[in-house]
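Dumped target_30.csv below, it's CSV, C-alpha atoms:
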```csv
chain,number,residue,atom,x,y,z
A,1,THR,CA,11.4,18.3,10.4
A,2,LYS,CA,7.7,17.2,10.0
A,3,LEU,CA,6.1,15.4,7.1
A,4,GLY,CA,4.3,17.8,4.8
A,5,ALA,CA,2.9,17.6,1.3
A,6,VAL,CA,5.1,19.5,-1.1
A,7,ILE,CA,4.9,18.3,-4.7
A,8,SER,CA,6.8,20.0,-7.5
A,9,ASP,CA,5.0,20.9,-10.8
A,10,ASP,CA,7.5,18.9,-12.8
A,11,ASP,CA,6.6,15.8,-11.0
A,12,ALA,CA,3.2,15.2,-12.5
A,13,VAL,CA,2.0,11.7,-13.2
A,14,VAL,CA,0.1,10.8,-16.3
A,15,ASP,CA,-3.5,9.8,-16.1
A,16,THR,CA,-4.8,6.3,-16.7
A,17,ALA,CA,-5.9,7.0,-20.3
A,18,THR,CA,-2.5,8.4,-21.3
A,19,ARG,CA,-0.8,5.4,-19.8
A,20,GLU,CA,-3.1,3.0,-21.5
A,21,ALA,CA,-2.5,4.8,-24.8
A,22,ARG,CA,1.3,4.5,-24.4
A,23,ILE,CA,0.9,0.8,-23.7
A,24,MET,CA,-1.5,0.1,-26.5
A,25,ALA,CA,0.0,2.2,-29.3
A,26,PRO,CA,3.0,-0.1,-29.9
A,27,ILE,CA,0.9,-3.2,-29.5
A,28,SER,CA,-1.6,-1.9,-32.1
A,29,ALA,CA,1.2,-1.0,-34.5
A,30,ALA,CA,2.7,-4.5,-34.1
A,31,ALA,CA,-0.7,-6.1,-34.6
A,32,ALA,CA,-1.2,-4.1,-37.8
A,33,VAL,CA,2.2,-5.3,-39.2
A,34,LEU,CA,1.4,-8.9,-38.3
A,35,ALA,CA,-2.0,-8.6,-40.0
A,36,SER,CA,-0.4,-7.3,-43.2
A,37,LEU,CA,2.0,-10.2,-43.3
A,38,SER,CA,-0.6,-12.9,-42.7
A,39,PRO,CA,-2.0,-14.5,-45.9
A,40,LEU,CA,-5.4,-14.4,-44.3
A,41,GLY,CA,-5.1,-10.8,-43.2
A,42,GLY,CA,-5.4,-11.7,-39.6
A,43,ILE,CA,-3.4,-12.7,-36.6
A,44,SER,CA,-2.9,-16.2,-35.4
A,45,PRO,CA,-4.6,-16.9,-32.0
A,46,ALA,CA,-1.2,-17.9,-30.7
A,47,LEU,CA,0.1,-14.4,-31.4
A,48,ALA,CA,-2.9,-12.5,-30.1
A,49,ALA,CA,-2.5,-10.7,-26.7
A,50,PRO,CA,-4.1,-12.9,-24.0
A,51,SER,CA,-7.3,-11.6,-22.4
A,52,ALA,CA,-7.1,-10.6,-18.7
A,53,ASN,CA,-8.6,-13.2,-16.2
A,54,PRO,CA,-11.2,-12.1,-13.7
A,55,TYR,CA,-8.5,-11.3,-11.0
A,56,GLU,CA,-6.5,-9.2,-13.4
A,57,SER,CA,-9.5,-7.3,-14.7
A,58,SER,CA,-10.7,-6.5,-11.2
A,59,LEU,CA,-7.2,-5.5,-10.2
A,60,ARG,CA,-6.9,-3.1,-13.1
A,61,LYS,CA,-10.3,-1.6,-12.6
A,62,ASN,CA,-10.2,-1.1,-8.8
A,63,PHE,CA,-6.5,-0.6,-8.1
A,64,PRO,CA,-5.0,0.9,-11.3
A,65,GLY,CA,-1.3,1.2,-11.3
A,66,ALA,CA,-0.8,-1.9,-9.1
A,67,LEU,CA,2.4,-3.9,-9.9
A,68,SER,CA,3.5,-7.3,-8.7
A,69,ASN,CA,5.5,-7.3,-5.5
A,70,SER,CA,8.7,-8.2,-7.2
A,71,ALA,CA,8.3,-5.3,-9.7
A,72,ILE,CA,7.6,-2.8,-6.9
A,73,ALA,CA,10.6,-4.1,-4.9
A,74,LEU,CA,12.9,-3.9,-8.0
A,75,ARG,CA,12.0,-0.3,-8.7
A,76,VAL,CA,12.1,1.0,-5.2
A,77,ALA,CA,15.2,-0.9,-4.2
A,78,ALA,CA,17.1,0.5,-7.2
A,79,SER,CA,16.1,4.1,-6.1
A,80,LEU,CA,17.2,3.4,-2.5
A,81,ARG,CA,20.6,2.1,-3.6
A,82,ASP,CA,21.1,5.2,-5.7
A,83,ARG,CA,20.5,7.2,-2.6
A,84,GLY,CA,23.1,5.2,-0.5
A,85,TYR,CA,20.9,2.5,1.1
A,86,THR,CA,22.9,-0.6,1.7
A,87,ASN,CA,22.5,-3.9,3.6
A,88,THR,CA,24.6,-2.6,6.5
A,89,ASN,CA,23.3,0.9,6.9
A,90,THR,CA,19.5,0.3,6.4
A,91,LEU,CA,16.9,-0.4,9.1
A,92,PHE,CA,13.8,-1.9,7.5
A,93,GLY,CA,10.3,-1.6,9.0
A,94,SER,CA,6.9,-2.5,7.8
A,95,SER,CA,3.4,-1.4,8.9
A,96,LEU,CA,1.2,-4.0,7.1
A,97,CYS,CA,-1.7,-6.1,8.5
A,98,SER,CA,-0.7,-9.0,10.7
A,99,ASP,CA,-2.6,-11.4,8.5
A,100,GLU,CA,-0.3,-14.4,7.6
A,101,ILE,CA,-0.9,-13.9,3.8
A,102,ASN,CA,1.2,-10.8,4.1
A,103,ASP,CA,4.2,-12.8,5.5
A,104,THR,CA,5.1,-15.4,3.0
A,105,ALA,CA,8.2,-16.1,0.9
A,106,GLU,CA,6.6,-14.1,-2.0
A,107,SER,CA,5.3,-11.3,0.2
A,108,LEU,CA,6.2,-7.6,-0.4
A,109,VAL,CA,8.4,-7.6,2.7
A,110,GLY,CA,10.2,-10.7,1.6
A,111,ASP,CA,10.9,-9.2,-1.8
A,112,PHE,CA,12.3,-6.1,-0.2
A,113,GLN,CA,14.5,-8.1,2.1
A,114,ASN,CA,15.9,-10.0,-0.9
A,115,LYS,CA,16.4,-6.9,-3.1
A,116,LEU,CA,18.0,-4.8,-0.3
A,117,GLY,CA,20.0,-7.7,1.3
A,118,VAL,CA,18.6,-6.9,4.8
A,119,GLU,CA,17.9,-9.9,7.0
A,120,GLY,CA,15.4,-8.5,9.6
A,121,VAL,CA,12.3,-6.4,9.5
A,122,PHE,CA,10.7,-4.6,12.4
A,123,ASN,CA,6.9,-5.2,12.4
A,124,LEU,CA,5.1,-2.0,13.2
A,125,GLY,CA,1.7,-3.1,12.0
A,126,GLY,CA,-1.3,-4.6,13.7
A,127,LEU,CA,-4.8,-5.2,12.4
A,128,GLY,CA,-5.4,-3.4,9.1
A,129,GLY,CA,-1.8,-2.4,8.8
A,130,LEU,CA,-2.1,0.4,11.5
A,131,PRO,CA,1.1,0.9,13.4
A,132,PHE,CA,-0.3,-0.1,16.8
A,133,VAL,CA,3.2,-0.4,18.3
A,134,GLY,CA,2.6,3.3,19.2
A,135,ILE,CA,5.2,5.8,20.4
A,136,SER,CA,7.1,3.2,22.4
A,137,GLY,CA,7.3,0.8,19.5
A,138,MET,CA,8.4,3.5,17.1
A,139,GLY,CA,11.0,4.6,19.6
A,140,ALA,CA,12.4,1.1,19.9
A,141,PHE,CA,12.4,0.8,16.1
A,142,THR,CA,14.3,4.0,15.4
A,143,SER,CA,16.8,3.3,18.2
A,144,HIS,CA,17.9,0.3,16.3
A,145,ALA,CA,19.1,2.3,13.3
A,146,PRO,CA,22.9,1.9,12.5
A,147,VAL,CA,25.2,4.9,13.1
A,148,ASP,CA,24.6,7.4,10.3
A,149,GLY,CA,22.0,5.0,9.1
A,150,LYS,CA,18.9,5.1,6.9
A,151,ILE,CA,15.4,3.9,7.6
A,152,PHE,CA,13.0,2.5,5.1
A,153,ILE,CA,9.3,1.8,6.0
A,154,VAL,CA,6.7,0.2,3.7
A,155,PHE,CA,3.1,0.6,4.9
A,156,GLY,CA,-0.5,0.3,4.0
A,157,PRO,CA,-3.7,-1.8,4.3
A,158,HIS,CA,-4.4,-4.9,2.3
A,159,VAL,CA,-7.3,-6.4,0.5
A,160,GLY,CA,-7.9,-9.7,-1.3
A,161,ILE,CA,-9.3,-10.3,-4.8
A,162,SER,CA,-10.6,-13.8,-5.4
A,163,ASP,CA,-10.1,-15.8,-8.5
A,164,ASP,CA,-13.5,-14.7,-9.8
A,165,GLY,CA,-12.6,-11.0,-9.3
A,166,THR,CA,-14.5,-10.3,-6.1
A,167,VAL,CA,-12.8,-7.5,-4.1
A,168,GLY,CA,-12.5,-8.4,-0.3
A,169,LYS,CA,-12.5,-12.1,-0.8
A,170,ILE,CA,-9.7,-14.6,-1.2
A,171,GLU,CA,-8.9,-18.3,-1.3
A,172,ARG,CA,-6.7,-19.6,1.4
A,173,VAL,CA,-4.6,-22.8,1.4
A,174,GLY,CA,-6.5,-25.7,3.1
A,175,LYS,CA,-9.8,-24.0,3.4
A,176,ASN,CA,-12.9,-25.2,1.6
A,177,SER,CA,-14.7,-21.9,1.7
A,178,ILE,CA,-13.6,-18.4,0.5
A,179,SER,CA,-12.3,-16.0,3.1
A,180,THR,CA,-12.4,-12.3,3.8
A,181,SER,CA,-9.4,-10.0,3.3
A,182,CYS,CA,-9.0,-7.7,5.0
A,183,GLY,CA,-11.2,-9.0,7.8
A,184,ALA,CA,-10.4,-6.0,10.1
A,185,GLY,CA,-11.3,-3.4,7.6
A,186,ILE,CA,-14.3,-5.1,6.1
A,187,GLY,CA,-15.5,-6.2,9.6
A,188,ALA,CA,-15.4,-2.6,10.7
A,189,TYR,CA,-17.3,-1.5,7.6
A,190,LYS,CA,-20.0,-4.0,8.3
A,191,ALA,CA,-20.3,-3.0,11.9
A,192,ILE,CA,-20.6,0.7,11.0
A,193,MET,CA,-23.2,0.0,8.3
A,194,ALA,CA,-25.3,-2.1,10.7
A,195,SER,CA,-25.3,0.7,13.4
A,196,ASP,CA,-28.1,3.2,13.4
A,197,THR,CA,-26.3,5.7,15.5
A,198,THR,CA,-22.8,7.3,15.5
A,199,LYS,CA,-21.0,6.9,18.8
A,200,ASP,CA,-18.2,9.0,20.2
A,201,PRO,CA,-15.0,7.1,19.5
A,202,LYS,CA,-14.2,7.0,23.2
A,203,GLU,CA,-17.4,5.1,23.9
A,204,MET,CA,-16.2,2.3,21.6
A,205,LEU,CA,-12.8,1.7,23.0
A,206,GLY,CA,-12.3,-1.2,25.3
A,207,THR,CA,-9.4,-3.5,26.1
A,208,LYS,CA,-10.5,-7.0,24.8
A,209,ASP,CA,-10.6,-6.0,21.1
A,210,PHE,CA,-8.8,-2.7,21.2
A,211,GLN,CA,-7.4,-2.7,17.6
A,212,GLU,CA,-10.7,-3.5,15.9
A,213,GLU,CA,-12.6,-1.1,18.1
A,214,TYR,CA,-10.2,1.6,17.2
A,215,ILE,CA,-10.6,1.0,13.5
A,216,ILE,CA,-14.4,1.0,13.8
A,217,ALA,CA,-14.2,4.3,15.8
A,218,GLN,CA,-11.9,6.0,13.3
A,219,LEU,CA,-13.8,4.8,10.2
A,220,SER,CA,-17.3,5.6,11.6
A,221,ASN,CA,-17.5,9.1,10.2
A,222,ARG,CA,-15.7,8.4,6.9
A,223,LEU,CA,-18.1,5.9,5.3
A,224,ASP,CA,-21.2,8.1,5.1
A,225,ALA,CA,-21.1,7.9,1.3
A,226,LEU,CA,-21.6,4.1,1.5
A,227,LYS,CA,-24.8,4.2,3.6
A,228,GLY,CA,-27.7,2.6,1.8
A,229,GLN,CA,-25.5,0.8,-0.7
A,230,ASP,CA,-25.1,-2.9,-1.0
A,231,PRO,CA,-21.6,-4.3,-0.6
A,232,SER,CA,-19.8,-4.4,-3.9
A,233,ASN,CA,-16.3,-4.3,-5.4
A,234,GLU,CA,-16.6,-0.5,-5.5
A,235,THR,CA,-17.6,-0.2,-1.8
A,236,ILE,CA,-14.9,-2.5,-0.5
A,237,THR,CA,-12.3,-0.6,-2.6
A,238,TYR,CA,-13.6,2.7,-1.1
A,239,VAL,CA,-13.2,1.2,2.4
A,240,THR,CA,-9.7,0.0,1.6
A,241,ASN,CA,-8.7,3.5,0.6
A,242,LYS,CA,-10.1,4.9,3.8
A,243,MET,CA,-8.1,2.3,5.7
A,244,TYR,CA,-5.0,3.6,3.9
A,245,ASP,CA,-5.8,7.0,5.3
A,246,LEU,CA,-6.0,5.6,8.8
A,247,VAL,CA,-2.6,3.8,8.5
A,248,TRP,CA,-0.9,6.9,7.1
A,249,GLU,CA,-2.4,9.3,9.7
A,250,MET,CA,-1.2,7.1,12.6
A,251,LEU,CA,2.2,6.4,11.1
A,252,ARG,CA,2.8,10.1,10.3
A,253,GLY,CA,2.0,11.1,13.9
A,254,GLU,CA,4.4,8.5,15.3
A,255,ILE,CA,7.2,9.4,13.0
A,256,ASN,CA,6.8,13.1,13.6
A,257,THR,CA,7.2,12.6,17.3
A,258,PHE,CA,10.7,11.5,16.7
A,259,THR,CA,11.8,13.4,13.6
A,260,ALA,CA,10.9,16.7,15.4
A,261,LYS,CA,13.4,16.0,18.2
A,262,PRO,CA,16.7,18.0,17.8
A,263,ASP,CA,19.0,14.9,18.2
A,264,PHE,CA,17.1,12.6,15.9
A,265,TRP,CA,19.1,13.5,12.8
A,266,SER,CA,22.4,13.2,14.6
A,267,ASN,CA,22.3,9.5,14.1
A,268,ILE,CA,19.9,9.0,11.1
A,269,SER,CA,20.6,10.6,7.7
A,270,GLU,CA,17.3,9.7,5.9
A,271,VAL,CA,13.9,8.1,6.2
A,272,THR,CA,12.0,6.8,3.2
A,273,LEU,CA,8.4,6.0,3.3
A,274,LEU,CA,6.6,3.8,0.7
A,275,GLY,CA,2.8,3.8,1.1
A,276,GLY,CA,0.2,1.9,-0.8
A,277,ILE,CA,-2.3,-0.9,-0.8
A,278,VAL,CA,-1.4,-4.6,-0.9
A,279,VAL,CA,-3.7,-6.6,-3.1
A,280,ASN,CA,-3.6,-10.3,-2.2
A,281,ARG,CA,-4.5,-13.1,-4.5
A,282,GLY,CA,-5.8,-16.6,-3.6
A,283,HIS,CA,-3.8,-19.8,-3.3
A,284,GLY,CA,-4.8,-23.4,-3.0
A,285,GLU,CA,-6.4,-26.2,-5.0
A,286,GLY,CA,-8.0,-25.0,-8.2
A,287,VAL,CA,-6.7,-21.5,-7.9
A,288,SER,CA,-4.1,-20.0,-10.3
A,289,GLY,CA,-2.2,-18.3,-7.5
A,290,GLY,CA,0.9,-16.2,-8.1
A,291,GLU,CA,2.4,-13.0,-6.7
A,292,ASP,CA,0.4,-10.4,-4.7
A,293,TYR,CA,0.3,-6.9,-6.1
A,294,TYR,CA,0.9,-3.5,-4.6
A,295,GLN,CA,-0.7,-0.2,-5.6
A,296,PRO,CA,1.9,2.5,-4.8
A,297,LEU,CA,0.3,5.8,-3.5
A,298,MET,CA,3.2,7.5,-1.8
A,299,LEU,CA,7.0,7.5,-1.9
A,300,LYS,CA,8.6,10.2,0.3
A,301,SER,CA,12.1,10.9,1.5
A,302,LEU,CA,12.7,12.8,4.8
A,303,THR,CA,16.0,14.3,5.9
A,304,LYS,CA,17.0,17.0,8.3
A,305,ASP,CA,16.7,19.5,5.5
A,306,GLY,CA,13.0,18.6,4.7
A,307,GLU,CA,10.8,16.3,2.7
A,308,SER,CA,11.2,15.2,-0.9
A,309,ASP,CA,8.5,13.5,-3.0
A,310,VAL,CA,10.4,10.9,-5.1
A,311,TYR,CA,7.2,9.1,-6.4
A,312,GLY,CA,7.6,10.6,-9.8
A,313,GLU,CA,11.2,9.3,-10.2
A,314,VAL,CA,10.1,5.7,-9.5
A,315,PHE,CA,6.5,5.6,-10.6
A,316,GLY,CA,6.2,8.6,-13.0
A,317,ASP,CA,4.4,6.4,-15.5
A,318,PHE,CA,1.6,5.6,-13.1
A,319,PRO,CA,-1.9,7.0,-12.9
A,320,ALA,CA,-2.6,10.4,-11.5
A,321,LEU,CA,-4.8,8.8,-8.8
A,322,ALA,CA,-1.8,8.8,-6.5
A,323,ARG,CA,-1.6,12.6,-6.5
A,324,PRO,CA,-4.3,13.2,-3.8
A,325,HIS,CA,-2.5,10.8,-1.5
A,326,ARG,CA,0.8,12.4,-2.1
A,327,ALA,CA,-0.6,15.9,-1.6
A,328,ALA,CA,-3.0,15.0,1.3
A,329,LYS,CA,-2.7,17.2,4.4
A,330,TYR,CA,-3.5,15.5,7.7
A,331,VAL,CA,-4.1,17.7,10.8
```

The structure given in the file should be rewritten as structure tokens.
Amino acid sequence: TKLGAVISDDDAVVDTATREARIMAPISAAAAVLASLSPLGGISPALAAPSANPYESSLRKNFPGALSNSAIALRVAASLRDRGYTNTNTLFGSSLCSDEINDTAESLVGDFQNKLGVEGVFNLGGLGGLPFVGISGMGAFTSHAPVDGKIFIVFGPHVGISDDGTVGKIERVGKNSISTSCGAGIGAYKAIMASDTTKDPKEMLGTKDFQEEYIIAQLSNRLDALKGQDPSNETITYVTNKMYDLVWEMLRGEINTFTAKPDFWSNISEVTLLGGIVVNRGHGEGVSGGEDYYQPLMLKSLTKDGESDVYGEVFGDFPALARPHRAAKYV
């Protein structure tokens, strides 16, 4: 069985405007009732909905549909449990960037470990979240699955948003200056924009900085739309989405190598893949801090009988922006 892109017509997700209308309609109705009850015909400032801070505004604009890590883990873990995933039959893997901000007590992986009750996680990801463990690493990972077990993998790139709403920047504990996130993806973008010529990917691959060189090579023909543009929230968001494509393409190839083998499904009953973008937030002195967010773009279940898109069951109220990612065909 290989990963495809089948999406049923009854699994459509609503667009952003529809979702906002669903959210704002009851709020507006409640506000009207409160206004009619107030002797001054208005709402007390204490009862008014708080305005979004710069981080939240930037998050909503650039990564609509993103939820806090704990909310993502709660939704997905409930779906996994309904499909028979337990703490004793589940092998958990992640293909996220090796940046330490993705490996904290409040990280997405940590939340999943708590919600699923699993202790360990197999780290597939390197720079940018790409599964640089390769075929050997994926083989080792899948061989660790319990008998008649299930595999769950969360994957994707990451990007920071600073307290002032700048995409690609983040405050880190103990540092006096703001930092880049994701350094691998944004560094590759800068290198590509600074180059006057397009090189063959094989010319750019060495051994001293293989992972970054690979990212530069694979992104080099995907960022033509950004040439001549100054870096901005929009351009870094665009780069991050292209990084998601790179992670998925590599992961898909590695997974297909094993799921296509006749004996793979004799020991494993199901593989579930959750793909999206981790959105980090800053921590440290003078920063509000809090949980990171995750923009879910794909949720697929793979069995010996084929592939199922379960995104709509878990994130059916999210924006339609996920549809191209769920339907994307990679060759």

What lies within 7 Å of A:Asn69 using only C-alpha atoms, ignoring chain neighbours under 4 positions off, as a list of chain:residue names?
A:Ala73, A:Ser107, A:Leu108, A:Asp111, A:Glu291, A:Asp292, A:Tyr293, A:Tyr294

Of A:Ala77, A:Ile72, A:Leu130, A:Val167, the one nearest to A:Ser57 when counting only C-alpha atoms is A:Val167

Identify which of the residues A:Gly65, A:Leu273, A:Leu91, A:Phe112 lies closest to A:Ala78, counting all atoms listed in the file when measuring atom-to-atom distances.
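Once distances to A:Ala78 are computed over all atoms listed in the file, the minimum belongs to A:Phe112.
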
What does the distance between atom CA of A:Lys169 and atom CA of A:Gly183 come to in Å, to one decimal place?
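Straight-line distance from atom CA of A:Lys169 to atom CA of A:Gly183 works out to 9.2 Å.
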
If you count all atoms listed in the file, which residues fall within 8 Å of A:Thr90, apart from same-chain ones fewer than 4 positions away, as an mmCIF file with C-alpha atoms, in the frame of the given file?
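In the end it all went to out_18.cif:
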```
data_model
loop_
_atom_site.group_PDB
_atom_site.id
_atom_site.type_symbol
_atom_site.label_atom_id
_atom_site.label_comp_id
_atom_site.auth_asym_id
_atom_site.auth_seq_id
_atom_site.Cartn_x
_atom_site.Cartn_y
_atom_site.Cartn_z
ATOM 1 C CA TYR A 85 20.900 2.500 1.100
ATOM 2 C CA THR A 86 22.900 -0.600 1.700
ATOM 3 C CA VAL A 118 18.600 -6.900 4.800
ATOM 4 C CA ALA A 145 19.100 2.300 13.300
ATOM 5 C CA PRO A 146 22.900 1.900 12.500
ATOM 6 C CA GLY A 149 22.000 5.000 9.100
ATOM 7 C CA LYS A 150 18.900 5.100 6.900
ATOM 8 C CA ILE A 151 15.400 3.900 7.600
ATOM 9 C CA PHE A 152 13.000 2.500 5.100
#
```

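Coordinates place atom CA of A:Leu297 at a distance of 17.1 Å from atom CA of A:Leu80.
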
Could you tell me how far atom CA of A:Leu74 sits from atom CA of A:Val310, in Å to one decimal place?
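Separation of atom CA of A:Val310 and atom CA of A:Leu74: 15.3 Å.
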
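Checking A:Gly316, A:Gly306, A:Gly156, A:Gly284 one by one against A:Cys97, counting only C-alpha atoms, you find the shortest gap at A:Gly156.
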